[in-house]
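Trainee: Please read through the structure below; I'll follow up with questions.
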Amino acid sequence: MAELMEVDVSESVESAFAGLGLDSRLVETLAALGYEEPTPIQRKAIPPLLEGRDIVGRAATGTGKTAAFALPLLHRLAAAAAVVTPTKARRQPTALILVPTRELAIQVAKAVEKYGQPLGVRVLAVYGGQAMHEQLRVLDRGVDVVVATPGRVLDHVRRGSVKLDTITSVVLDEADEMLDMGFAEDIEAILAGTPAGRQTMLFSATMPPRIKVIASKHLTDPVEILVAREPVAAGTVPLVRQVACLVQRQHKLAALGRVLDMEAPGAALIFCKTRTEVDDLSEALGARGYRPEALHGGMSQEQRDRVMRLFRAGKANLLVATDVAARGLDVEHLTHVVNFHVPSEPEAYIHRIGRVGRAGREGVAITVAEPREQGQLRLIERATGQRIEISRVPTAADLRIRRREIFQATLKGAIAEGELEQFRAILGSLGAEHDITDVALAAIKLLHQARGGDAEDGEDIPVMQPEQPRGGSRNDRNDRGPVRRGGPRMARIYISVGREAGIGPRDLVGAIANESGLPGSDIRGIEITDRFSLVDVPEDAADHVIESLNGARLRGRRVNVRRDRQG
Ligand code: AMP
């Protein structure tokens with residue numbers, strides 16, 4: 001099966017989901033949504049759920065867990081024919097999905113509606129703060145799936161507007177969050193009111209004892225599913241500079257544009273989750289003046305071969321692809337891997353970033369992450385034992401500086417290349433009338449303008465602060481303690497300049513590498529605040545780095561360097 005998928009990607013999509021046993025209408029919907037293959041939690045959870053088993057799944061947001069429980073739930077609804085034969089009688093909900101927050105209720109309800117559309121499933125999100133009469137009106141018309149926060153659904157149960165005795169499936173989503181928010185008693189009350197023969201699915205990012213108690217009390221012989229818990233074997237994680245930019249969803253495209261401008265990649269592979277996203281992102285990048293090529297399983301073999309040829313030959317430097325389509329794509333000169341979302345599992349992340357940094361060249365892996373995906377980033381860090389540096393999105397000012405650097409490098413290149421003789425006559429005649437420096441400046445100005453000048457995307461991208469790990473102390477740095485990377489113990493170094501002095505990660509890496517000779521790849525965990533910066537360097541090099549960097553100038557400022565007191 002796996003081999004077949006590699007041979008012909010376009011045919012594998014349907015069979016990958018159909019192979020799990022899902023209703024053909026759901027499989028078609030998934031193909032239409034551009035999903036190319038099930039995520040690991042979907043692969044593991046869907047078959048037992050279709051058999052009617054209870055499950056306990058340890059999985060965070062971003063792993064595809066919503067579809068993992070929603071698809072079997074919808075499959076069962078369709079099989080029960082409750083939705084396919086519309087009756088005059090009011091439809092009673094048969095599935096109840098409990099979530100901790102209003103936002104999640106809305107998000108999950110939308111997802112269930114999206115997957116269940118071909119079945120005509122009716123979904124209602126029920127949460128506090130929303131007008132009761134509106135919820136009552138919709139309930140009165142008949143609903144199949146209720147997605148609710150525990151408190152509000154209990155209100156409905158007490159009023160008789162939601163009946164629990166018709167419920168055949170219950171999902172507890174983000175169970176740990178629900179307990180943290182004090183919903184334990186409400187959950188108990190709800191479960192107690194549903195029929196004993198129901199199917200119960202519990203998902204939680206963490207498994208504290210309280211969750212285990214709920215699971216053992218309310219679930220029957222559940223299948224336990226762990227995603228991304230096992231650390232990856234040492235030595236299998238490639239050493240690549242890994243950074244992530246945190247941005248809100250609506251700014252992801254602008255952020256990616258800036259990252260591409262800043263990095264000016266020789267050859268970048270940009271990963272998307274679905275075919276649709278690949279198409280959309282390629283188009284959007286094209287509209288912004290880039291020349292990306294798209295690669296996904298929905299394209300013919302011929303089209304895919306053409307794109308791969310262009311990319312391998314260096315005629316295209318941006319390739320937007322799905323994991324499935326990029327399988328088997330081995331590009332020697334790849335400099336950057338960009339994740340346009342946080343991959344659903346550490347293995348996928350490692351596999352992706354393993355494509356850069358081959359043959360001793362420094363590779364860069366950049367992840368554009370939404371704030372809600374930070375938990376998933378941390379899971380990846382835990383699995384790889386490597387830190388993913390949270391970097392701010394380049395600002396318009398960073399880009400101006402960077403463009404000038406690139407511009408200067410282009411001019412230097414032209415000087416080095418020579419073959420300037422044919423233009424000497426022009427310089428000669430202009431030089432007779434004007435100062436040679438002015439002539440050069442005018443030429444530079446024209447070239448600069450021709451390359452778009454200091455054009456800016458004009459978009460204001462708000463800076464997102466990384467959230468503190470749950471359950472940890474307020475100080476992230478303290479929390480992580482000394483970092484180990486591929487074996488060596490790391491030391492945290494404080495440097496007395498930060499964002500206000502115009503410092504960026506490149507300045508720090510450049511200065512440390514120049515002054516101390518430490519290779520850039522040994523410098524990790526860069527954190528830049530307004531006033532100061534912090535970096536991790538191998539413990540055995542720390543004193544040398546401090547000594548060589550202390551008193552050096554960084555962006556014109558003399559710096560103080562010492563071990564970070566907190567670290
Ligand atoms: P979740 O973990 O449920 O929040 O899902 C994260 C994101 O992954 C959502 O945007 C889903 O639409 C998307 N997704 C879920 N399953 C797949 C899949 N098999 N292939 C591609 N994208 C998926």
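Convention: chains lettered A, B, ... in structure tokens order; per-chain residue numbering from 1; ligands numbered from 1 as shown.
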Applying 12 Å and only C-alpha atoms, which residues near Asp221 (chain A) remain after dropping the ones on its own chain fewer than 4 positions away? List them as a compact mmCIF listing (two decimals) with all heavy atoms, in the first residue's frame.
Mentor:
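That gives us out.txt:
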# COMPACT_ATOMS: atom_id res chain seq x y z
N PRO A 48 -10.88 1.89 14.94
CA PRO A 48 -11.57 1.40 16.15
C PRO A 48 -12.87 2.15 16.42
O PRO A 48 -13.83 1.56 16.93
CB PRO A 48 -10.56 1.63 17.29
CG PRO A 48 -9.50 2.51 16.74
CD PRO A 48 -9.51 2.34 15.26
N GLY A 52 -16.99 0.93 16.81
CA GLY A 52 -17.82 1.23 17.96
C GLY A 52 -17.06 1.28 19.28
O GLY A 52 -17.66 1.42 20.34
N ARG A 53 -15.73 1.17 19.20
CA ARG A 53 -14.95 1.18 20.45
C ARG A 53 -14.90 2.59 21.06
O ARG A 53 -15.01 3.58 20.35
CB ARG A 53 -13.49 0.75 20.16
CG ARG A 53 -13.33 -0.63 19.58
CD ARG A 53 -13.47 -1.69 20.65
NE ARG A 53 -12.55 -1.53 21.79
CZ ARG A 53 -11.37 -2.12 21.87
NH1 ARG A 53 -10.94 -2.90 20.90
NH2 ARG A 53 -10.60 -1.95 22.94
N ASP A 54 -14.69 2.66 22.35
CA ASP A 54 -14.38 3.93 23.01
C ASP A 54 -12.90 4.20 22.81
O ASP A 54 -12.11 3.26 22.68
CB ASP A 54 -14.66 3.82 24.52
CG ASP A 54 -16.15 3.89 24.84
OD1 ASP A 54 -16.94 4.02 23.89
OD2 ASP A 54 -16.50 3.82 26.03
N ILE A 55 -12.53 5.49 22.81
CA ILE A 55 -11.10 5.75 22.76
C ILE A 55 -10.66 6.88 23.68
O ILE A 55 -11.44 7.78 24.00
CB ILE A 55 -10.55 6.04 21.33
CG1 ILE A 55 -11.04 7.37 20.81
CG2 ILE A 55 -10.84 4.94 20.35
CD1 ILE A 55 -10.22 7.79 19.59
N VAL A 56 -9.40 6.78 24.09
CA VAL A 56 -8.74 7.85 24.81
C VAL A 56 -7.59 8.27 23.92
O VAL A 56 -6.71 7.47 23.60
CB VAL A 56 -8.17 7.37 26.16
CG1 VAL A 56 -7.30 8.44 26.78
CG2 VAL A 56 -9.29 7.00 27.10
N GLN A 199 -21.18 5.57 22.76
CA GLN A 199 -19.74 5.53 22.46
C GLN A 199 -19.11 6.80 23.02
O GLN A 199 -19.65 7.90 22.83
CB GLN A 199 -19.54 5.49 20.94
CG GLN A 199 -18.06 5.38 20.56
CD GLN A 199 -17.85 5.25 19.06
OE1 GLN A 199 -18.59 5.84 18.27
NE2 GLN A 199 -16.86 4.48 18.66
N THR A 200 -17.98 6.65 23.69
CA THR A 200 -17.35 7.82 24.31
C THR A 200 -15.92 7.98 23.83
O THR A 200 -15.16 7.02 23.77
CB THR A 200 -17.38 7.68 25.86
OG1 THR A 200 -18.68 7.27 26.25
CG2 THR A 200 -17.03 9.00 26.52
N MET A 201 -15.58 9.22 23.46
CA MET A 201 -14.22 9.50 22.98
C MET A 201 -13.67 10.62 23.82
O MET A 201 -14.32 11.64 24.00
CB MET A 201 -14.27 9.97 21.52
CG MET A 201 -15.09 9.05 20.65
SD MET A 201 -15.57 9.88 19.11
CE MET A 201 -17.25 9.27 18.96
N ALA A 215 -11.68 8.75 32.62
CA ALA A 215 -11.64 7.74 31.57
C ALA A 215 -12.02 6.38 32.13
O ALA A 215 -12.82 5.65 31.53
CB ALA A 215 -10.25 7.70 30.93
N SER A 216 -11.46 6.03 33.29
CA SER A 216 -11.73 4.68 33.78
C SER A 216 -13.18 4.56 34.28
O SER A 216 -13.76 3.49 34.25
CB SER A 216 -10.72 4.27 34.85
OG SER A 216 -10.88 5.11 35.96
N LYS A 217 -13.75 5.67 34.69
CA LYS A 217 -15.13 5.62 35.21
C LYS A 217 -16.16 5.61 34.07
O LYS A 217 -17.16 4.91 34.15
CB LYS A 217 -15.34 6.85 36.09
CG LYS A 217 -16.63 6.83 36.85
CD LYS A 217 -16.60 7.87 37.96
CE LYS A 217 -18.02 8.18 38.44
NZ LYS A 217 -18.11 9.47 39.08
Trainee: Identify, on the basis of only C-alpha atoms, every residue whose closest approach to Ala184 (chain A) does not exceed 12 Å; exclude the query and any residue fewer than 2 positions from it along the same chain; express the result as a ChimeraX atom specification.
Mentor: /A:98,100,149-151,172,175-182,186-191,210-211,213-214
Trainee: Dump the neighbourhood of ligand 1 as a short mmCIF file (atom, residue, chain, number, x, y, z; two decimals) with N, CA and C atoms, in the first residue's frame: all residues within 10 Å, distances computed on only C-alpha atoms and all ligand atoms.
Mentor:
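Generated file (pocket-v7.cif):
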data_model
loop_
_atom_site.label_atom_id
_atom_site.label_comp_id
_atom_site.auth_asym_id
_atom_site.auth_seq_id
_atom_site.Cartn_x
_atom_site.Cartn_y
_atom_site.Cartn_z
N VAL A 13 -5.28 9.14 -2.75
CA VAL A 13 -6.03 9.94 -1.79
C VAL A 13 -7.31 9.25 -1.35
N ALA A 16 -6.72 6.04 0.52
CA ALA A 16 -6.15 6.17 1.86
C ALA A 16 -7.26 6.35 2.89
N PHE A 17 -8.25 7.17 2.59
CA PHE A 17 -9.35 7.37 3.54
C PHE A 17 -10.37 6.24 3.45
N LEU A 30 -13.60 14.67 1.67
CA LEU A 30 -12.21 14.88 2.06
C LEU A 30 -11.34 15.15 0.85
N ALA A 31 -11.59 14.40 -0.22
CA ALA A 31 -10.81 14.61 -1.45
C ALA A 31 -11.10 16.02 -1.97
N LEU A 33 -11.87 18.56 -0.23
CA LEU A 33 -11.22 19.54 0.66
C LEU A 33 -9.72 19.59 0.42
N GLY A 34 -9.23 18.64 -0.38
CA GLY A 34 -7.80 18.65 -0.69
C GLY A 34 -6.95 17.86 0.29
N TYR A 35 -7.59 17.09 1.19
CA TYR A 35 -6.79 16.26 2.09
C TYR A 35 -6.15 15.14 1.27
N GLU A 36 -4.86 14.91 1.48
CA GLU A 36 -4.21 13.89 0.68
C GLU A 36 -4.06 12.56 1.39
N GLU A 37 -3.97 12.60 2.70
CA GLU A 37 -3.85 11.34 3.44
C GLU A 37 -4.26 11.59 4.89
N PRO A 38 -4.67 10.53 5.60
CA PRO A 38 -5.05 10.73 7.00
C PRO A 38 -3.82 11.11 7.82
N THR A 39 -4.04 11.91 8.85
CA THR A 39 -2.94 12.20 9.78
C THR A 39 -2.80 10.98 10.70
N PRO A 40 -1.69 10.88 11.45
CA PRO A 40 -1.50 9.68 12.29
C PRO A 40 -2.66 9.44 13.25
N ILE A 41 -3.17 10.49 13.86
CA ILE A 41 -4.27 10.22 14.81
C ILE A 41 -5.51 9.73 14.08
N GLN A 42 -5.72 10.22 12.87
CA GLN A 42 -6.86 9.74 12.10
C GLN A 42 -6.68 8.27 11.71
N ARG A 43 -5.44 7.96 11.32
CA ARG A 43 -5.16 6.57 10.94
C ARG A 43 -5.39 5.63 12.12
N ALA A 59 -3.71 13.91 22.20
CA ALA A 59 -3.34 14.65 21.00
C ALA A 59 -3.67 16.12 21.19
N ALA A 60 -2.82 16.96 20.68
CA ALA A 60 -3.02 18.40 20.80
C ALA A 60 -3.72 18.93 19.56
N THR A 61 -4.06 20.20 19.61
CA THR A 61 -4.65 20.87 18.45
C THR A 61 -3.64 20.87 17.31
N GLY A 62 -4.14 20.72 16.12
CA GLY A 62 -3.25 20.76 14.97
C GLY A 62 -2.86 19.37 14.49
N THR A 63 -3.32 18.34 15.20
CA THR A 63 -2.97 16.98 14.80
C THR A 63 -4.03 16.37 13.89
N GLY A 64 -5.10 17.11 13.67
CA GLY A 64 -6.20 16.57 12.87
C GLY A 64 -7.18 15.77 13.71
N LYS A 65 -7.19 16.06 15.03
CA LYS A 65 -8.03 15.24 15.91
C LYS A 65 -9.52 15.51 15.71
N THR A 66 -9.87 16.73 15.28
CA THR A 66 -11.30 17.01 15.09
C THR A 66 -11.87 16.06 14.04
N ALA A 67 -11.18 15.93 12.93
CA ALA A 67 -11.66 15.01 11.89
C ALA A 67 -11.59 13.57 12.40
N ALA A 68 -10.60 13.29 13.26
CA ALA A 68 -10.45 11.92 13.77
C ALA A 68 -11.70 11.48 14.52
N PHE A 69 -12.33 12.39 15.29
CA PHE A 69 -13.57 11.96 15.95
C PHE A 69 -14.81 12.28 15.13
N ALA A 70 -14.75 13.39 14.35
CA ALA A 70 -15.95 13.82 13.62
C ALA A 70 -16.31 12.85 12.50
N LEU A 104 -13.77 27.29 20.69
CA LEU A 104 -13.61 25.92 20.21
C LEU A 104 -14.95 25.34 19.78
N GLN A 107 -15.53 26.61 16.35
CA GLN A 107 -14.58 26.00 15.40
C GLN A 107 -14.92 24.54 15.12
N VAL A 108 -15.20 23.78 16.18
CA VAL A 108 -15.50 22.36 15.99
C VAL A 108 -16.83 22.19 15.25
N ALA A 111 -16.25 22.65 11.67
CA ALA A 111 -15.55 21.51 11.06
C ALA A 111 -16.53 20.35 10.84
N LYS A 114 -18.70 21.07 7.98
CA LYS A 114 -17.94 20.97 6.72
C LYS A 114 -17.81 19.50 6.29
N TYR A 115 -17.41 18.64 7.22
CA TYR A 115 -17.24 17.23 6.86
C TYR A 115 -18.59 16.57 6.59
N CYS A 272 2.32 22.87 2.57
CA CYS A 272 0.94 23.15 2.97
C CYS A 272 0.28 21.83 3.34
N LYS A 273 -0.89 21.94 4.02
CA LYS A 273 -1.58 20.74 4.47
C LYS A 273 -2.35 20.05 3.35
N THR A 274 -2.99 20.85 2.51
CA THR A 274 -3.92 20.26 1.54
C THR A 274 -3.63 20.76 0.13
N ARG A 275 -4.21 20.04 -0.84
CA ARG A 275 -4.09 20.46 -2.24
C ARG A 275 -4.63 21.86 -2.43
N THR A 276 -5.78 22.08 -1.81
CA THR A 276 -6.43 23.38 -1.94
C THR A 276 -5.51 24.48 -1.42
N GLU A 277 -4.88 24.22 -0.28
CA GLU A 277 -3.98 25.24 0.27
C GLU A 277 -2.78 25.47 -0.64
N THR A 322 2.43 19.58 -0.99
CA THR A 322 1.94 18.78 0.14
C THR A 322 3.00 17.73 0.48
N ASP A 323 2.89 17.16 1.67
CA ASP A 323 3.85 16.12 2.07
C ASP A 323 3.86 14.97 1.07
N HIS A 341 2.30 25.97 8.16
CA HIS A 341 1.47 25.64 9.33
C HIS A 341 2.34 24.70 10.14
N VAL A 342 1.99 24.44 11.39
CA VAL A 342 2.79 23.50 12.18
C VAL A 342 2.37 22.08 11.79
N PRO A 343 3.32 21.25 11.36
CA PRO A 343 2.95 19.90 10.93
C PRO A 343 2.23 19.14 12.05
N SER A 344 1.39 18.19 11.65
CA SER A 344 0.53 17.53 12.63
C SER A 344 1.30 16.57 13.53
N ARG A 372 -2.29 29.58 18.29
CA ARG A 372 -2.93 28.38 18.87
C ARG A 372 -2.14 27.10 18.55
N GLU A 373 -1.16 27.21 17.68
CA GLU A 373 -0.39 26.00 17.34
C GLU A 373 0.88 25.85 18.18
N GLN A 376 1.67 22.48 19.76
CA GLN A 376 2.18 21.51 18.80
C GLN A 376 3.68 21.75 18.54
#
Trainee: Which parts of region 75-234 of chain A does DSSP call helix (DSSP H, G or I) when run on the backbone here, written out as a ChimeraX atom specification?
Mentor: /A:75-79,102-119,132-141,150-159,175-180,184-193,209-218
Trainee: One decimal, Å: what's the distance from CA of Arg565 (chain A) over to CA of Thr367 (chain A), could you say?
Mentor: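 CA of Arg565 (chain A) sits 29.6 Å away from CA of Thr367 (chain A).
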Trainee: Enumerate as a short mmCIF file (atom, residue, chain, number, x, y, z; two decimals) with C-alpha atoms, in the first residue's frame all residues of region 178-417 of chain A assigned to strand (DSSP E) by DSSP on the backbone, naming them with the chain letters and numbers the document uses.
Mentor:
data_model
loop_
_atom_site.label_atom_id
_atom_site.label_comp_id
_atom_site.auth_asym_id
_atom_site.auth_seq_id
_atom_site.Cartn_x
_atom_site.Cartn_y
_atom_site.Cartn_z
CA GLN A 199 -19.74 5.53 22.46
CA THR A 200 -17.35 7.82 24.31
CA MET A 201 -14.22 9.50 22.98
CA LEU A 202 -11.89 11.44 25.20
CA PHE A 203 -9.15 13.68 23.84
CA SER A 204 -6.63 15.53 25.90
CA VAL A 223 -8.44 1.94 22.87
CA GLU A 224 -5.60 4.23 23.89
CA ILE A 225 -4.01 6.33 21.21
CA LEU A 226 -0.86 8.33 21.64
CA ARG A 241 18.57 26.26 11.99
CA GLN A 242 14.98 26.09 13.15
CA VAL A 243 12.83 29.13 13.66
CA ALA A 244 9.13 29.82 13.94
CA CYS A 245 7.25 33.05 13.40
CA LEU A 246 4.06 33.52 15.37
CA ALA A 268 12.73 26.79 -0.86
CA LEU A 269 10.19 24.05 -0.38
CA ILE A 270 7.02 25.44 1.19
CA PHE A 271 4.72 22.86 2.78
CA GLU A 293 5.44 26.37 -8.62
CA ALA A 294 2.77 24.12 -7.12
CA LEU A 295 3.08 20.39 -6.55
CA LEU A 318 9.92 28.35 -4.69
CA LEU A 319 8.00 25.11 -4.63
CA VAL A 320 4.70 24.90 -2.75
CA ALA A 321 3.81 21.27 -2.01
CA HIS A 336 15.03 26.41 3.00
CA VAL A 337 12.09 24.40 4.17
CA VAL A 338 9.09 26.49 5.10
CA ASN A 339 6.12 25.07 6.99
CA VAL A 364 17.07 26.72 7.46
CA ALA A 365 13.64 25.52 8.54
CA ILE A 366 11.04 28.20 9.09
CA THR A 367 7.59 27.53 10.47
CA VAL A 368 4.80 30.04 10.17
CA ALA A 369 2.71 29.26 13.23
CA GLU A 389 13.57 29.64 18.14
CA ILE A 390 10.56 31.93 18.12
CA SER A 391 11.56 34.75 15.85
#
Trainee: Could you name the residues that touch region 463-465 of chain A at 10 Å or less, counting only C-alpha atoms, but leaving out those on the same chain fewer than 5 positions away, as a list in words?
Mentor: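 Those residues are Cys245, Leu246, Val247, Gln248, Glu370, Pro371, Ile390, Arg392, Val393 and Thr395 of chain A.
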Trainee: Any idea what's packed within 7 Å of region 117-127 of chain A, counting only C-alpha atoms, ignoring anything in its chain fewer than 5 positions away? Could you give it as a list in words?
Mentor: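 Non-adjacent residues within range: Arg25, Ala78, Val83, Val84, Arg102, Ala105, Ile106, Ala109, Gln135, Val143, Asp144, Val145, Val146, Val147, Ala148, Thr149, Arg152 and Val153 of chain A.
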Trainee: Could you check which of A:Val240, A:Val324, A:Ala443, A:Ala425 is closest to Arg355 (chain A), using only C-alpha atoms?
Mentor: A:Val240
Trainee: Please list as a list in words every residue within 7 Å of Leu549 (chain A), counting only C-alpha atoms and excluding residues in the same chain fewer than 3 positions away.
Mentor: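 These residues fall inside the cut-off: Ile512, Glu515, Ser516, Val545, Ile546, Ala552 and Val561 of chain A.
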Trainee: Once you have the residues from the selection above, write them out as an mmCIF file, in the first residue's frame, restricted to N, CA and C atoms.
Mentor:
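Once everything was written out, this is again39.cif:
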data_model
loop_
_atom_site.group_PDB
_atom_site.id
_atom_site.type_symbol
_atom_site.label_atom_id
_atom_site.label_comp_id
_atom_site.auth_asym_id
_atom_site.auth_seq_id
_atom_site.Cartn_x
_atom_site.Cartn_y
_atom_site.Cartn_z
ATOM 1 N N ILE A 512 28.676 36.691 17.165
ATOM 2 C CA ILE A 512 29.255 35.601 17.962
ATOM 3 C C ILE A 512 30.211 34.777 17.098
ATOM 4 N N GLU A 515 33.417 36.985 16.394
ATOM 5 C CA GLU A 515 34.277 37.279 17.532
ATOM 6 C C GLU A 515 34.858 36.027 18.164
ATOM 7 N N SER A 516 34.041 34.958 18.207
ATOM 8 C CA SER A 516 34.501 33.793 18.965
ATOM 9 C C SER A 516 34.861 32.605 18.071
ATOM 10 N N VAL A 545 33.027 32.442 24.479
ATOM 11 C CA VAL A 545 32.118 33.342 23.751
ATOM 12 C C VAL A 545 31.957 34.646 24.531
ATOM 13 N N ILE A 546 31.757 34.535 25.857
ATOM 14 C CA ILE A 546 31.543 35.728 26.684
ATOM 15 C C ILE A 546 32.780 36.629 26.619
ATOM 16 N N ALA A 552 32.649 44.123 22.563
ATOM 17 C CA ALA A 552 32.604 44.281 21.101
ATOM 18 C C ALA A 552 31.440 45.200 20.742
ATOM 19 N N VAL A 561 28.332 41.283 28.025
ATOM 20 C CA VAL A 561 27.912 39.904 27.823
ATOM 21 C C VAL A 561 28.209 39.095 29.090
#
Trainee: Near Arg555 (chain A), counting only C-alpha atoms, which residues have an atom at most 10 Å away, once you skip same-chain residues fewer than 4 positions from it, shown as an mmCIF file with all heavy atoms, in the first residue's frame?
Mentor:
data_model
loop_
_atom_site.group_PDB
_atom_site.id
_atom_site.type_symbol
_atom_site.label_atom_id
_atom_site.label_comp_id
_atom_site.auth_asym_id
_atom_site.auth_seq_id
_atom_site.Cartn_x
_atom_site.Cartn_y
_atom_site.Cartn_z
ATOM 1 N N VAL A 497 22.150 44.172 24.273
ATOM 2 C CA VAL A 497 21.445 44.955 23.249
ATOM 3 C C VAL A 497 20.280 44.140 22.702
ATOM 4 O O VAL A 497 20.338 42.914 22.678
ATOM 5 C CB VAL A 497 22.367 45.349 22.064
ATOM 6 C CG1 VAL A 497 23.302 46.463 22.437
ATOM 7 C CG2 VAL A 497 23.102 44.143 21.527
ATOM 8 N N ALA A 501 17.994 48.520 19.666
ATOM 9 C CA ALA A 501 19.251 48.862 18.995
ATOM 10 C C ALA A 501 19.251 48.318 17.573
ATOM 11 O O ALA A 501 20.260 48.373 16.867
ATOM 12 C CB ALA A 501 20.421 48.289 19.789
ATOM 13 N N GLY A 502 18.124 47.769 17.146
ATOM 14 C CA GLY A 502 18.018 47.271 15.768
ATOM 15 C C GLY A 502 18.608 45.883 15.602
ATOM 16 O O GLY A 502 18.925 45.442 14.508
ATOM 17 N N ILE A 503 18.758 45.163 16.714
ATOM 18 C CA ILE A 503 19.386 43.837 16.657
ATOM 19 C C ILE A 503 18.416 42.779 16.119
ATOM 20 O O ILE A 503 17.272 42.701 16.543
ATOM 21 C CB ILE A 503 19.846 43.417 18.071
ATOM 22 C CG1 ILE A 503 20.903 44.376 18.603
ATOM 23 C CG2 ILE A 503 20.369 41.985 18.092
ATOM 24 C CD1 ILE A 503 22.193 44.418 17.822
ATOM 25 N N GLY A 504 18.879 41.982 15.186
ATOM 26 C CA GLY A 504 18.112 40.845 14.686
ATOM 27 C C GLY A 504 18.934 39.582 14.900
ATOM 28 O O GLY A 504 20.121 39.664 15.248
ATOM 29 N N ASP A 507 22.378 39.468 13.360
ATOM 30 C CA ASP A 507 23.429 40.260 14.010
ATOM 31 C C ASP A 507 24.091 39.453 15.111
ATOM 32 O O ASP A 507 25.313 39.447 15.260
ATOM 33 C CB ASP A 507 22.839 41.526 14.629
ATOM 34 C CG ASP A 507 22.175 42.397 13.581
ATOM 35 O OD1 ASP A 507 22.879 42.791 12.635
ATOM 36 O OD2 ASP A 507 20.968 42.633 13.682
ATOM 37 N N LEU A 508 23.242 38.769 15.893
ATOM 38 C CA LEU A 508 23.782 38.017 17.026
ATOM 39 C C LEU A 508 24.651 36.860 16.541
ATOM 40 O O LEU A 508 25.783 36.685 16.986
ATOM 41 C CB LEU A 508 22.637 37.482 17.894
ATOM 42 C CG LEU A 508 21.798 38.555 18.595
ATOM 43 C CD1 LEU A 508 20.572 37.929 19.231
ATOM 44 C CD2 LEU A 508 22.630 39.271 19.657
ATOM 45 N N ALA A 511 27.852 38.241 14.969
ATOM 46 C CA ALA A 511 28.822 38.777 15.926
ATOM 47 C C ALA A 511 29.490 37.644 16.701
ATOM 48 O O ALA A 511 30.709 37.623 16.870
ATOM 49 C CB ALA A 511 28.131 39.743 16.879
ATOM 50 N N VAL A 559 28.777 46.152 23.751
ATOM 51 C CA VAL A 559 27.889 45.245 24.484
ATOM 52 C C VAL A 559 28.519 44.639 25.727
ATOM 53 O O VAL A 559 29.722 44.454 25.809
ATOM 54 C CB VAL A 559 27.382 44.073 23.600
ATOM 55 C CG1 VAL A 559 26.498 44.585 22.497
ATOM 56 C CG2 VAL A 559 28.536 43.253 23.033
#
Trainee: Which is closest to Glu527 (chain A) among A:Asn550, A:Val170, A:Pro466, A:Glu113, if we use only C-alpha atoms?
Mentor: A:Pro466
Trainee: Set the distance at 10 Å and use only C-alpha atoms: which residues neighbour region 407-420 of chain A once local chain neighbours fewer than 5 positions away are removed? I'd like the list as a VMD selection string.
Mentor: chain A and resid 401 to 402 444 447 to 448 451
Trainee: Restricting the calculation to only C-alpha atoms, which member of A:Arg159, A:Arg531, A:His218, A:Lys212 is positioned closest to Pro195 (chain A)?
Mentor: A:His218
Trainee: When you draw a straight line from CA of Leu256 (chain A) to CA of Asp279 (chain A), how long is it in Å?
Mentor: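 Separating CA of Leu256 (chain A) from CA of Asp279 (chain A) is a distance of 15.5 Å.
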Trainee: If I take CA of Pro209 (chain A) and CA of Val99 (chain A), how far is one from the other in Å, to one decimal?
Mentor: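 Computing it gives 19.3 Å between the two atoms.
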